[in-house]
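Visitor: Structure provided below as structure tokens; questions to follow.
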Amino acid sequence: VLTNQSKLLLTGASNKGISGTTTLDNEGTMTLENTGIISMSNSTINNRALGTFNLSSDAGISFASSPSHVLNNYGLLLRNVSSGTCNIGITANNYGTIDAATGTLNFGGVLNNTTTGIIKGNATIDLPSAANFTNDGTFAPGGTPGKLTVIGAYESTGNAKLAIELNGLVPQTGHDWLAIEGNGI
């Protein structure tokens with residue numbers, strides 16, 4: 001287990017690897033910059049309750065091989081800085097907050113938004129296939145207010161919530177807007 005309690009900057013064009021039943025616990029600020037992806041093999045990243053994981057580039061997280069590669073987010077997973085696409089191709093369990101502030105956050109693996117999970121922002125969330133997406137938590141589009149675009153099969157369980165600001169009649173300035181491009185249920 002490697003625990004970050006300060007600042008961890010992952011930068012450069014080369015890939016970064018986590019393998020061999022390794023766990024990375026982030027209790028500080030971890031930032032992924034430039035184009036090198038995080039390649040996981042039988043490993044886990046835990047972004048703890050006080051942790052911030054900044055996805056500040058179009059790099060992302062993928063798996064090299066093996067059956068187990070998981071990102072558990074209890075803190076803040078923030079997609080910021082770039083206007084491109086950041087891919088997360090592993091299992092992502094959200095117990096905290098995912099904030100798609102800019103660009104596109106593409107979940108190509110599995111996304112479980114738990115009852116304590118919040119997905120928010122003014123950018124785009126690209127969901128995995130319906131079989132790989134569970135929404136028991138909260139979707140909160142916009143900022144004050146704004147628009148969150150969701151691509152894919154958006155579904156909610158009976159536990160899920162939609163948090164919308166209502167301050168007027170005009171979308172994005174008077175009220176929040178959840179724009180679903182796909183099969184919304």
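Ordering of the structure tokens sets the chain letters (A, B, ...), residue numbers begin anew at 1 in every chain, and ligands are numbered from 1 in the order given.
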Quick one: contact table of segment 1-115 of chain A to segment 152-163 of chain A, 12 Å max, nearest atom pair and distance in Å to one decimal per residue, counting only C-alpha atoms, chain and number order, as CSV?

Guide:
residue,atom,partner,partner_atom,distance
A:Asn106,CA,A:Gly152,CA,10.3
A:Phe107,CA,A:Gly152,CA,10.3
A:Gly108,CA,A:Gly152,CA,11.0
A:Leu111,CA,A:Tyr154,CA,11.5
A:Asn112,CA,A:Ser156,CA,11.2
A:Asn113,CA,A:Ala160,CA,9.1
A:Thr114,CA,A:Ala160,CA,8.7
A:Thr115,CA,A:Asn159,CA,6.7

Visitor: Write out as a PyMOL selection string which residues come within 8 Å of His69 of chain A when counting only C-alpha atoms, dropping same-chain ones fewer than 4 positions away.

Guide: chain A and resi 40-44+63+90-91

Visitor: Using N, CA and C atoms, can you write the selected residues to a file as a compact mmCIF listing (two decimals), in the first residue's frame?

Guide:
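As written to disk, result-v3.txt reads:
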# COMPACT_ATOMS: atom_id res chain seq x y z
N MET A 40 -3.27 -0.10 -15.06
CA MET A 40 -3.45 -0.87 -13.84
C MET A 40 -3.53 -2.36 -14.16
N SER A 41 -2.92 -3.17 -13.29
CA SER A 41 -2.97 -4.61 -13.42
C SER A 41 -3.10 -5.22 -12.03
N ASN A 42 -4.28 -5.75 -11.72
CA ASN A 42 -4.55 -6.37 -10.43
C ASN A 42 -4.24 -5.41 -9.28
N SER A 43 -4.75 -4.18 -9.38
CA SER A 43 -4.42 -3.14 -8.42
C SER A 43 -5.63 -2.25 -8.15
N THR A 44 -5.48 -1.37 -7.14
CA THR A 44 -6.58 -0.53 -6.69
C THR A 44 -6.08 0.89 -6.42
N PHE A 63 -6.47 -0.69 -18.11
CA PHE A 63 -5.92 -1.88 -17.49
C PHE A 63 -4.98 -2.57 -18.46
N ILE A 90 -11.64 1.20 -16.44
CA ILE A 90 -11.62 0.20 -15.38
C ILE A 90 -12.93 0.29 -14.60
N THR A 91 -13.06 -0.48 -13.54
CA THR A 91 -14.23 -0.37 -12.66
C THR A 91 -14.05 0.85 -11.76

Visitor: If we count only C-alpha atoms, what is near Thr116 of chain A at a cut-off of 10 Å, once residues fewer than 4 positions away on the same chain are taken out, given as a list in words?

Guide: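 That gives Tyr74, Asn94, Tyr95, Gly96, Thr97, Asp136, Gly137, Thr138 and Ala160 of chain A.
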
Visitor: Restricting the calculation to only C-alpha atoms: of A:Gly109, A:Gly174, A:Gly60, A:Gly17, which residue gets closest to Thr85 of chain A?

Guide: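 Smallest separation from Thr85 of chain A among the options: A:Gly60.
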
Visitor: Quick one, how far is atom CA of Leu50 of chain A from atom CA of Glu33 of chain A?

Guide: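 Going from atom CA of Leu50 of chain A over to atom CA of Glu33 of chain A covers 20.5 Å.
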
Visitor: Of the candidates A:Gly75, A:Gly182, A:Gly84, A:Gly51, which one gets nearest to Ile119 of chain A if we count only C-alpha atoms?

Guide: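 The shortest atom-to-atom distance to Ile119 of chain A comes from A:Gly75.
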
Visitor: What's the 12 Å shell around Leu76 of chain A, counting only C-alpha atoms, without same-chain residues fewer than 6 positions away, as number ranges by chain?

Guide: A: 26-31, 46-55, 94-101, 117-120

Visitor: Which residue out of A:Ala123, A:Ile37, A:Val70, A:Ala64 has the minimum interatomic distance to Ser82 of chain A when only C-alpha atoms are used?

Guide: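 Selected residue with least distance to Ser82 of chain A: A:Ala123.
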
Visitor: Name the closest residue to Ile180 of chain A among the candidates A:Ser68, A:Thr124, A:Thr149, A:Ser6; distances are taken between atoms, counting only C-alpha atoms.

Guide: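 Checking each of A:Ser68, A:Thr124, A:Thr149, A:Ser6 against Ile180 of chain A, counting only C-alpha atoms, the winner is A:Thr149.
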
Visitor: With distances taken over only C-alpha atoms, which residue among A:Arg79, A:Lys7, A:Lys147, A:His175 lies nearest Ser57 of chain A?

Guide: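 Smallest separation from Ser57 of chain A among the options: A:Arg79.
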
Visitor: Between atom CA of Asn93 of chain A and atom CA of Val110 of chain A, what is the distance, to one decimal in Å?

Guide: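 Calculated distance between atom CA of Asn93 of chain A and atom CA of Val110 of chain A is 8.1 Å.
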
Visitor: Take atom CA of Cys86 of chain A and atom CA of Leu105 of chain A and report the distance between them in Å, one decimal.

Guide: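 That distance, rounded to one decimal, is 5.1 Å.
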
Visitor: Just asking: which residues within chain A are strand (DSSP E or B) according to DSSP, as a PyMOL selection string?

Guide: chain A and resi 2-4+7-10+16-19+23-26+29-32+38-41+43-47+52-55+61-63+69-73+76-79+85-88+91-94+97-100+104-107+110-113+118-121+124-126+133-135+138-142+147-151+161-162+166+171+175+177-181
